[in-house]
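Trainee: You'll find protein.txt just under this line, and it carries compact mmCIF, N, CA and C atoms.
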```
# COMPACT_ATOMS: atom_id res chain seq x y z
N MET J 1 -38.38 43.87 -119.64
CA MET J 1 -38.23 43.31 -118.31
C MET J 1 -36.96 42.46 -118.25
N THR J 2 -36.24 42.60 -117.19
CA THR J 2 -34.98 41.88 -117.01
C THR J 2 -35.25 40.50 -116.42
N THR J 3 -34.65 39.48 -117.02
CA THR J 3 -34.82 38.12 -116.54
C THR J 3 -33.68 37.73 -115.61
N LEU J 4 -33.87 36.63 -114.92
CA LEU J 4 -32.82 36.13 -114.03
C LEU J 4 -31.57 35.79 -114.82
N ASP J 5 -31.75 35.20 -116.01
CA ASP J 5 -30.58 34.86 -116.84
C ASP J 5 -29.79 36.10 -117.24
N THR J 6 -30.51 37.19 -117.52
CA THR J 6 -29.83 38.44 -117.88
C THR J 6 -29.04 38.98 -116.70
N TYR J 7 -29.66 38.96 -115.53
CA TYR J 7 -28.97 39.41 -114.31
C TYR J 7 -27.72 38.57 -114.05
N THR J 8 -27.86 37.24 -114.11
CA THR J 8 -26.73 36.38 -113.77
C THR J 8 -25.61 36.50 -114.79
N ALA J 9 -25.95 36.63 -116.07
CA ALA J 9 -24.91 36.79 -117.10
C ALA J 9 -24.16 38.11 -116.89
N ALA J 10 -24.90 39.17 -116.59
CA ALA J 10 -24.27 40.47 -116.37
C ALA J 10 -23.43 40.46 -115.09
N LEU J 11 -23.91 39.81 -114.05
CA LEU J 11 -23.13 39.70 -112.81
C LEU J 11 -21.86 38.90 -113.03
N ARG J 12 -21.97 37.82 -113.80
CA ARG J 12 -20.78 37.01 -114.09
C ARG J 12 -19.74 37.84 -114.84
N ALA J 13 -20.18 38.60 -115.83
CA ALA J 13 -19.25 39.45 -116.58
C ALA J 13 -18.65 40.52 -115.67
N PHE J 14 -19.45 41.09 -114.78
CA PHE J 14 -18.96 42.11 -113.86
C PHE J 14 -17.91 41.53 -112.91
N ILE J 15 -18.17 40.35 -112.38
CA ILE J 15 -17.26 39.71 -111.43
C ILE J 15 -15.95 39.31 -112.10
N LEU J 16 -16.03 38.84 -113.34
CA LEU J 16 -14.85 38.31 -114.02
C LEU J 16 -14.02 39.37 -114.75
N GLN J 17 -14.46 40.62 -114.72
CA GLN J 17 -13.63 41.65 -115.36
C GLN J 17 -12.31 41.80 -114.61
N ARG J 18 -11.30 42.22 -115.34
CA ARG J 18 -9.97 42.39 -114.73
C ARG J 18 -10.02 43.49 -113.69
N PRO J 19 -9.34 43.31 -112.55
CA PRO J 19 -9.39 44.32 -111.50
C PRO J 19 -8.61 45.59 -111.81
N ARG J 20 -7.63 45.53 -112.69
CA ARG J 20 -6.83 46.70 -113.09
C ARG J 20 -6.08 47.32 -111.91
N PHE J 21 -5.41 46.49 -111.15
CA PHE J 21 -4.54 46.99 -110.08
C PHE J 21 -3.38 47.75 -110.70
N GLU J 22 -2.91 48.78 -110.03
CA GLU J 22 -1.74 49.52 -110.48
C GLU J 22 -0.73 49.55 -109.33
N LEU J 23 0.43 48.98 -109.58
CA LEU J 23 1.47 48.92 -108.55
C LEU J 23 1.89 50.32 -108.09
N ALA J 24 1.78 51.29 -108.97
CA ALA J 24 2.16 52.66 -108.60
C ALA J 24 1.29 53.20 -107.46
N ASN J 25 0.07 52.72 -107.35
CA ASN J 25 -0.81 53.16 -106.27
C ASN J 25 -0.37 52.62 -104.91
N TYR J 26 0.54 51.67 -104.92
CA TYR J 26 1.02 51.07 -103.68
C TYR J 26 2.42 51.56 -103.31
N GLY J 27 2.92 52.53 -104.02
CA GLY J 27 4.24 53.09 -103.72
C GLY J 27 5.34 52.06 -103.80
N GLY J 28 5.17 51.05 -104.64
CA GLY J 28 6.17 50.01 -104.79
C GLY J 28 6.16 48.96 -103.69
N CYS J 29 5.20 49.00 -102.80
CA CYS J 29 5.12 48.03 -101.71
C CYS J 29 4.42 46.76 -102.20
N PHE J 30 5.21 45.74 -102.50
CA PHE J 30 4.65 44.51 -103.04
C PHE J 30 3.79 43.78 -102.02
N ARG J 31 4.10 43.90 -100.75
CA ARG J 31 3.33 43.22 -99.72
C ARG J 31 1.88 43.72 -99.71
N SER J 32 1.69 45.04 -99.73
CA SER J 32 0.34 45.61 -99.75
C SER J 32 -0.38 45.26 -101.04
N TYR J 33 0.33 45.32 -102.14
CA TYR J 33 -0.24 44.98 -103.44
C TYR J 33 -0.73 43.53 -103.44
N ASN J 34 0.11 42.62 -102.99
CA ASN J 34 -0.27 41.20 -102.97
C ASN J 34 -1.41 40.92 -101.99
N THR J 35 -1.45 41.62 -100.87
CA THR J 35 -2.54 41.45 -99.91
C THR J 35 -3.87 41.83 -100.55
N ASP J 36 -3.91 42.98 -101.19
CA ASP J 36 -5.14 43.41 -101.86
C ASP J 36 -5.51 42.49 -103.01
N TYR J 37 -4.51 42.03 -103.75
CA TYR J 37 -4.77 41.15 -104.88
C TYR J 37 -5.35 39.81 -104.42
N ARG J 38 -4.78 39.26 -103.35
CA ARG J 38 -5.31 37.99 -102.81
C ARG J 38 -6.74 38.15 -102.31
N GLN J 39 -7.04 39.27 -101.66
CA GLN J 39 -8.40 39.53 -101.18
C GLN J 39 -9.37 39.66 -102.36
N CYS J 40 -8.92 40.29 -103.43
CA CYS J 40 -9.74 40.42 -104.63
C CYS J 40 -10.05 39.05 -105.23
N LEU J 41 -9.05 38.16 -105.24
CA LEU J 41 -9.28 36.80 -105.74
C LEU J 41 -10.24 36.02 -104.84
N ALA J 42 -10.12 36.20 -103.54
CA ALA J 42 -11.04 35.53 -102.61
C ALA J 42 -12.47 36.03 -102.81
N ASP J 43 -12.62 37.34 -103.01
CA ASP J 43 -13.95 37.90 -103.27
C ASP J 43 -14.52 37.37 -104.58
N ARG J 44 -13.65 37.18 -105.58
CA ARG J 44 -14.12 36.61 -106.84
C ARG J 44 -14.66 35.20 -106.64
N ASP J 45 -13.92 34.39 -105.91
CA ASP J 45 -14.35 33.02 -105.67
C ASP J 45 -15.67 32.98 -104.90
N ASP J 46 -15.79 33.82 -103.88
CA ASP J 46 -17.04 33.88 -103.11
C ASP J 46 -18.21 34.32 -103.99
N ALA J 47 -17.98 35.34 -104.80
CA ALA J 47 -19.05 35.85 -105.67
C ALA J 47 -19.49 34.81 -106.68
N LEU J 48 -18.55 34.10 -107.27
CA LEU J 48 -18.92 33.08 -108.25
C LEU J 48 -19.67 31.92 -107.60
N GLU J 49 -19.29 31.57 -106.38
CA GLU J 49 -19.99 30.49 -105.69
C GLU J 49 -21.42 30.90 -105.34
N MET J 50 -21.60 32.12 -104.85
CA MET J 50 -22.96 32.59 -104.55
C MET J 50 -23.77 32.76 -105.83
N LEU J 51 -23.12 33.21 -106.90
CA LEU J 51 -23.82 33.37 -108.18
C LEU J 51 -24.31 32.04 -108.71
N ALA J 52 -23.55 30.98 -108.48
CA ALA J 52 -23.99 29.65 -108.91
C ALA J 52 -25.29 29.26 -108.20
N HIS J 53 -25.40 29.57 -106.93
CA HIS J 53 -26.63 29.26 -106.19
C HIS J 53 -27.78 30.15 -106.65
N VAL J 54 -27.49 31.40 -106.96
CA VAL J 54 -28.53 32.30 -107.44
C VAL J 54 -29.07 31.82 -108.78
N SER J 55 -28.19 31.41 -109.67
CA SER J 55 -28.62 30.98 -111.00
C SER J 55 -29.39 29.67 -110.99
N ARG J 56 -29.21 28.86 -109.94
CA ARG J 56 -29.94 27.60 -109.82
C ARG J 56 -31.19 27.70 -108.95
N ALA J 57 -31.67 28.91 -108.70
CA ALA J 57 -32.85 29.09 -107.85
C ALA J 57 -34.04 28.36 -108.45
N THR J 58 -34.80 27.70 -107.58
CA THR J 58 -35.96 26.94 -108.05
C THR J 58 -37.10 27.84 -108.50
N ASP J 59 -37.22 29.00 -107.90
CA ASP J 59 -38.25 29.97 -108.26
C ASP J 59 -37.56 31.20 -108.85
N SER J 60 -37.41 31.20 -110.18
CA SER J 60 -36.63 32.26 -110.81
C SER J 60 -37.31 33.63 -110.69
N ALA J 61 -38.62 33.68 -110.64
CA ALA J 61 -39.32 34.96 -110.51
C ALA J 61 -39.03 35.59 -109.15
N THR J 62 -39.04 34.78 -108.10
CA THR J 62 -38.74 35.30 -106.76
C THR J 62 -37.29 35.74 -106.67
N MET J 63 -36.37 34.97 -107.26
CA MET J 63 -34.96 35.35 -107.24
C MET J 63 -34.73 36.63 -108.03
N GLN J 64 -35.39 36.76 -109.16
CA GLN J 64 -35.28 37.98 -109.96
C GLN J 64 -35.76 39.18 -109.17
N ALA J 65 -36.87 39.04 -108.47
CA ALA J 65 -37.39 40.13 -107.63
C ALA J 65 -36.44 40.40 -106.46
N SER J 66 -35.81 39.37 -105.93
CA SER J 66 -34.86 39.54 -104.83
C SER J 66 -33.64 40.33 -105.27
N ILE J 67 -33.16 40.07 -106.49
CA ILE J 67 -32.02 40.82 -107.01
C ILE J 67 -32.42 42.28 -107.22
N ALA J 68 -33.59 42.49 -107.80
CA ALA J 68 -34.06 43.86 -108.02
C ALA J 68 -34.20 44.60 -106.69
N ASP J 69 -34.67 43.89 -105.66
CA ASP J 69 -34.80 44.49 -104.34
C ASP J 69 -33.43 44.79 -103.73
N ALA J 70 -32.47 43.89 -103.93
CA ALA J 70 -31.13 44.08 -103.38
C ALA J 70 -30.41 45.25 -104.07
N LEU J 71 -30.80 45.56 -105.28
CA LEU J 71 -30.17 46.67 -106.00
C LEU J 71 -30.59 48.03 -105.46
N ARG J 72 -31.58 48.06 -104.60
CA ARG J 72 -32.04 49.33 -104.04
C ARG J 72 -31.06 49.92 -103.03
N SER J 73 -30.13 49.13 -102.56
CA SER J 73 -29.13 49.63 -101.62
C SER J 73 -27.75 49.20 -102.10
N GLY J 74 -26.75 49.86 -101.63
CA GLY J 74 -25.39 49.52 -102.03
C GLY J 74 -24.91 50.38 -103.17
N ARG J 75 -23.75 50.05 -103.69
CA ARG J 75 -23.11 50.87 -104.71
C ARG J 75 -23.33 50.35 -106.13
N MET J 76 -23.98 49.22 -106.27
CA MET J 76 -24.21 48.66 -107.61
C MET J 76 -25.58 49.08 -108.12
N GLU J 77 -25.63 49.36 -109.41
CA GLU J 77 -26.87 49.75 -110.06
C GLU J 77 -27.02 48.97 -111.35
N TRP J 78 -28.27 48.74 -111.75
CA TRP J 78 -28.55 48.04 -112.99
C TRP J 78 -28.80 49.07 -114.09
N ASN J 79 -28.07 48.97 -115.19
CA ASN J 79 -28.26 49.84 -116.34
C ASN J 79 -29.08 49.06 -117.36
N ALA J 80 -30.37 49.36 -117.46
CA ALA J 80 -31.27 48.61 -118.33
C ALA J 80 -30.93 48.83 -119.81
N GLU J 81 -30.38 49.98 -120.16
CA GLU J 81 -30.07 50.27 -121.56
C GLU J 81 -28.94 49.39 -122.08
N THR J 82 -27.93 49.19 -121.27
CA THR J 82 -26.78 48.38 -121.69
C THR J 82 -26.85 46.95 -121.15
N ALA J 83 -27.82 46.67 -120.30
CA ALA J 83 -27.98 45.35 -119.68
C ALA J 83 -26.70 44.92 -118.96
N GLU J 84 -26.16 45.84 -118.15
CA GLU J 84 -24.98 45.52 -117.35
C GLU J 84 -25.04 46.29 -116.04
N PHE J 85 -24.17 45.89 -115.14
CA PHE J 85 -24.12 46.53 -113.83
C PHE J 85 -23.12 47.68 -113.84
N ASP J 86 -23.50 48.76 -113.17
CA ASP J 86 -22.62 49.89 -112.96
C ASP J 86 -22.25 49.92 -111.49
N TYR J 87 -21.04 50.36 -111.22
CA TYR J 87 -20.57 50.41 -109.84
C TYR J 87 -20.05 51.81 -109.54
N CYS J 88 -20.48 52.38 -108.43
CA CYS J 88 -20.02 53.68 -107.98
C CYS J 88 -18.85 53.45 -107.02
N THR J 89 -17.67 53.78 -107.46
CA THR J 89 -16.46 53.52 -106.69
C THR J 89 -16.36 54.41 -105.48
N GLY J 90 -15.95 53.82 -104.35
CA GLY J 90 -15.72 54.59 -103.14
C GLY J 90 -14.32 55.17 -103.14
N GLN J 91 -13.29 54.32 -103.02
CA GLN J 91 -11.91 54.80 -103.00
C GLN J 91 -11.07 54.18 -104.12
N TYR J 92 -11.11 52.84 -104.26
CA TYR J 92 -10.23 52.18 -105.22
C TYR J 92 -10.97 50.99 -105.80
N PHE J 93 -11.37 51.10 -107.07
CA PHE J 93 -12.20 50.11 -107.74
C PHE J 93 -11.70 48.68 -107.60
N PRO J 94 -10.41 48.39 -107.84
CA PRO J 94 -9.97 46.99 -107.80
C PRO J 94 -10.21 46.28 -106.47
N THR J 95 -10.19 47.03 -105.38
CA THR J 95 -10.37 46.37 -104.07
C THR J 95 -11.83 46.32 -103.65
N GLU J 96 -12.73 46.96 -104.38
CA GLU J 96 -14.11 47.09 -103.94
C GLU J 96 -15.14 46.35 -104.77
N TYR J 97 -14.95 46.25 -106.09
CA TYR J 97 -16.07 45.87 -106.94
C TYR J 97 -16.54 44.43 -106.74
N ARG J 98 -15.64 43.51 -106.49
CA ARG J 98 -16.08 42.13 -106.26
C ARG J 98 -16.72 41.98 -104.89
N ASN J 99 -16.25 42.74 -103.92
CA ASN J 99 -16.88 42.76 -102.61
C ASN J 99 -18.31 43.28 -102.73
N ALA J 100 -18.51 44.31 -103.55
CA ALA J 100 -19.86 44.84 -103.77
C ALA J 100 -20.76 43.81 -104.43
N ALA J 101 -20.21 43.02 -105.35
CA ALA J 101 -20.99 41.96 -105.98
C ALA J 101 -21.38 40.90 -104.94
N CYS J 102 -20.46 40.56 -104.05
CA CYS J 102 -20.77 39.60 -102.99
C CYS J 102 -21.87 40.13 -102.08
N GLN J 103 -21.79 41.40 -101.72
CA GLN J 103 -22.83 41.99 -100.87
C GLN J 103 -24.18 41.97 -101.57
N LEU J 104 -24.21 42.28 -102.85
CA LEU J 104 -25.46 42.24 -103.61
C LEU J 104 -26.03 40.82 -103.63
N LEU J 105 -25.18 39.84 -103.90
CA LEU J 105 -25.64 38.45 -103.96
C LEU J 105 -26.11 37.96 -102.60
N ALA J 106 -25.42 38.35 -101.53
CA ALA J 106 -25.84 37.95 -100.19
C ALA J 106 -27.20 38.55 -99.84
N ARG J 107 -27.41 39.83 -100.19
CA ARG J 107 -28.71 40.46 -99.93
C ARG J 107 -29.81 39.79 -100.75
N ALA J 108 -29.49 39.44 -102.00
CA ALA J 108 -30.49 38.78 -102.85
C ALA J 108 -30.84 37.39 -102.32
N LEU J 109 -29.84 36.63 -101.89
CA LEU J 109 -30.12 35.31 -101.33
C LEU J 109 -30.91 35.41 -100.03
N TRP J 110 -30.58 36.38 -99.20
CA TRP J 110 -31.32 36.59 -97.95
C TRP J 110 -32.79 36.88 -98.26
N ALA J 111 -33.04 37.79 -99.18
CA ALA J 111 -34.42 38.15 -99.54
C ALA J 111 -35.14 36.96 -100.17
N TYR J 112 -34.43 36.19 -100.98
CA TYR J 112 -35.03 35.02 -101.62
C TYR J 112 -35.46 33.99 -100.59
N TRP J 113 -34.57 33.67 -99.65
CA TRP J 113 -34.92 32.69 -98.62
C TRP J 113 -36.03 33.21 -97.72
N ARG J 114 -36.04 34.49 -97.44
CA ARG J 114 -37.09 35.09 -96.62
C ARG J 114 -38.43 35.04 -97.35
N ASP J 115 -38.46 35.46 -98.62
CA ASP J 115 -39.70 35.54 -99.38
C ASP J 115 -40.22 34.18 -99.80
N ALA J 116 -39.30 33.28 -100.15
CA ALA J 116 -39.73 31.94 -100.56
C ALA J 116 -40.39 31.19 -99.41
N SER J 117 -39.90 31.44 -98.22
CA SER J 117 -40.47 30.74 -97.06
C SER J 117 -41.75 31.41 -96.58
N ALA J 118 -41.98 32.65 -96.97
CA ALA J 118 -43.19 33.35 -96.53
C ALA J 118 -44.44 32.71 -97.13
N ALA J 119 -44.28 31.99 -98.24
CA ALA J 119 -45.43 31.32 -98.85
C ALA J 119 -45.97 30.23 -97.92
N ASN J 120 -45.09 29.63 -97.16
CA ASN J 120 -45.50 28.61 -96.20
C ASN J 120 -45.37 29.20 -94.80
N TRP J 121 -46.45 29.74 -94.29
CA TRP J 121 -46.39 30.49 -93.04
C TRP J 121 -46.00 29.62 -91.85
N ARG J 122 -46.18 28.33 -91.93
CA ARG J 122 -45.79 27.45 -90.83
C ARG J 122 -44.27 27.34 -90.70
N GLU J 123 -43.58 27.46 -91.83
CA GLU J 123 -42.13 27.32 -91.81
C GLU J 123 -41.44 28.61 -92.21
N ALA J 124 -42.07 29.72 -91.96
CA ALA J 124 -41.53 31.01 -92.38
C ALA J 124 -40.18 31.27 -91.73
N MET J 125 -39.24 31.75 -92.56
CA MET J 125 -37.90 32.03 -92.07
C MET J 125 -37.75 33.53 -91.80
N SER J 126 -38.71 34.11 -91.14
CA SER J 126 -38.59 35.53 -90.83
C SER J 126 -37.53 35.75 -89.76
N ASN J 127 -37.18 34.70 -89.08
CA ASN J 127 -36.15 34.77 -88.05
C ASN J 127 -34.78 34.75 -88.73
N ALA J 128 -33.94 35.71 -88.40
CA ALA J 128 -32.62 35.81 -89.01
C ALA J 128 -31.77 34.57 -88.76
N ASP J 129 -31.92 33.95 -87.60
CA ASP J 129 -31.14 32.75 -87.29
C ASP J 129 -31.49 31.61 -88.24
N ASN J 130 -32.75 31.50 -88.61
CA ASN J 130 -33.15 30.45 -89.56
C ASN J 130 -32.57 30.70 -90.94
N ILE J 131 -32.51 31.97 -91.35
CA ILE J 131 -31.92 32.30 -92.66
C ILE J 131 -30.42 32.03 -92.63
N ARG J 132 -29.76 32.37 -91.53
CA ARG J 132 -28.32 32.08 -91.41
C ARG J 132 -28.06 30.58 -91.43
N ARG J 133 -28.93 29.81 -90.81
CA ARG J 133 -28.80 28.35 -90.83
C ARG J 133 -28.95 27.83 -92.26
N THR J 134 -29.91 28.37 -92.99
CA THR J 134 -30.08 27.98 -94.39
C THR J 134 -28.85 28.34 -95.21
N ALA J 135 -28.30 29.52 -94.97
CA ALA J 135 -27.08 29.93 -95.67
C ALA J 135 -25.93 28.98 -95.37
N ARG J 136 -25.79 28.61 -94.10
CA ARG J 136 -24.71 27.70 -93.70
C ARG J 136 -24.90 26.33 -94.36
N ASN J 137 -26.14 25.84 -94.40
CA ASN J 137 -26.41 24.53 -95.00
C ASN J 137 -26.26 24.55 -96.52
N THR J 138 -26.58 25.69 -97.13
CA THR J 138 -26.55 25.79 -98.59
C THR J 138 -25.18 26.18 -99.12
N LEU J 139 -24.57 27.17 -98.49
CA LEU J 139 -23.31 27.73 -99.00
C LEU J 139 -22.06 27.23 -98.29
N GLY J 140 -22.24 26.69 -97.10
CA GLY J 140 -21.10 26.26 -96.30
C GLY J 140 -20.79 27.27 -95.21
N LYS J 141 -20.04 26.82 -94.22
CA LYS J 141 -19.76 27.65 -93.04
C LYS J 141 -18.97 28.91 -93.37
N ARG J 142 -17.97 28.78 -94.23
CA ARG J 142 -17.10 29.92 -94.51
C ARG J 142 -17.87 31.07 -95.16
N LEU J 143 -18.63 30.78 -96.21
CA LEU J 143 -19.39 31.83 -96.88
C LEU J 143 -20.49 32.38 -95.98
N ALA J 144 -21.15 31.51 -95.25
CA ALA J 144 -22.22 31.97 -94.36
C ALA J 144 -21.66 32.88 -93.28
N ARG J 145 -20.53 32.52 -92.72
CA ARG J 145 -19.93 33.34 -91.67
C ARG J 145 -19.47 34.70 -92.20
N ARG J 146 -18.95 34.70 -93.42
CA ARG J 146 -18.42 35.96 -93.97
C ARG J 146 -19.51 36.91 -94.47
N TRP J 147 -20.55 36.38 -95.12
CA TRP J 147 -21.51 37.24 -95.81
C TRP J 147 -22.89 37.30 -95.17
N PHE J 148 -23.16 36.46 -94.18
CA PHE J 148 -24.51 36.43 -93.61
C PHE J 148 -24.50 36.68 -92.12
N ASN J 149 -23.67 37.56 -91.64
CA ASN J 149 -23.64 37.93 -90.22
C ASN J 149 -24.63 39.02 -89.93
```
Translate the structure of the given file into structure tokens.

Mentor:
Amino acid sequence: MTTLDTYTAALRAFILQRPRFELANYGGCFRSYNTDYRQCLADRDDALEMLAHVSRATDSATMQASIADALRSGRMEWNAETAEFDYCTGQYFPTEYRNAACQLLARALWAYWRDASAANWREAMSNADNIRRTARNTLGKRLARRWFN
């Protein structure tokens, strides 16, 4: 059985791997190369910030289940044999993989906040606006606006 610590360690390694940009793929256009590179760095920062909140979850069993649930959609898959994440590339790996990690973490946090609040039916956050408010209060306006729309 995969633990939350195993998931977070593997996600951290996945996020921090080198993007392997190739200037030749940009036809020598430094502007396009730098634009994609800066976006990749921004995605890394967002993913690491969300991962920090995931790893500090008060209910690790619920967060672990939320990550497993979030893995059911998207391009990321969990490889239990190697205990690492696999990514199915769409067009260009360097511009996509950290964004996919952010999407996975956002889905996991959404499910965690939804499921954790379901235990207390009086304060249930089944309403999307309440979950977005929690995201804004927990992660800040910028991350909430980008990943929880």

Trainee: Would you work out the distance separating CA of Ser73 in chain J from atom C of Arg132 in chain J, expressed in Å to one decimal?

Mentor: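 Computing the Euclidean distance for CA of Ser73 in chain J and atom C of Arg132 in chain J yields 21.6 Å.
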
Trainee: Report the distance between atom C of Thr2 in chain J and atom C of Ala80 in chain J in Å, rounded to one decimal place.

Mentor: 10.0 Å

Trainee: Using only C-alpha atoms, can you tell me which of J:Ser55, J:Thr95, J:Leu48, J:Ala135 comes closest to Arg18 in chain J?

Mentor: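 Under the stated criterion, the closest residue is J:Thr95.
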
Trainee: What is the distance, in Å and to one decimal place, between atom N of Arg107 in chain J and CA of Ser66 in chain J?

Mentor: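 Computing the Euclidean distance for atom N of Arg107 in chain J and CA of Ser66 in chain J yields 8.8 Å.
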
Trainee: May I ask which of the residues J:Arg75, J:Arg44, J:Arg38, J:His53 is the closest one to Gln17 in chain J, counting only C-alpha atoms?

Mentor: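 Checking each candidate against Gln17 in chain J, we get J:Arg44 as the closest.
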
Trainee: Go through J:Tyr37, J:Leu23, J:Gly28, J:Met63 and flag the residue nearest Pro94 in chain J, using only N, CA and C atoms for the distances.

Mentor: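 Of J:Tyr37, J:Leu23, J:Gly28, J:Met63, the one nearest Pro94 in chain J is J:Tyr37, counting only N, CA and C atoms.
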
Trainee: Can you work out which one of J:Ala111, J:Glu49, J:Cys88, J:Leu105 has the shortest atom-to-atom distance to Leu139 in chain J, counting only N, CA and C atoms?

Mentor: J:Glu49

Trainee: DSSP on the backbone, then: every residue of chain J marked alpha helix (DSSP H), written as a PyMOL selection string.

Mentor: chain J and resi 4-16+30-55+60-70+93-118+128-139+141-147

Trainee: Find the residues around Arg98 in chain J up to 7 Å (all atoms listed in the file counted), leave out those fewer than 5 positions away in its own chain, and share them as a list of chain:residue names.

Mentor: J:Phe14, J:Ile15, J:Cys40, J:Asp43, J:Arg44, J:Ala47, J:Phe93, J:Gln103

Trainee: Using DSSP on the backbone coordinates, identify the residues of range 12-95 of chain J assigned to strand (DSSP E); present them as a list in words.

Mentor: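 Residues meeting the strand (DSSP E) criterion: Met76, Glu77, Trp78, Asn79, Glu84, Phe85, Asp86 and Tyr87 of chain J.
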
Trainee: From the list J:Leu11, J:Thr62, J:Glu22, J:Lys141, which residue is nearest Glu84 in chain J when using only N, CA and C atoms?

Mentor: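 Once distances to Glu84 in chain J are computed over only N, CA and C atoms, the minimum belongs to J:Leu11.
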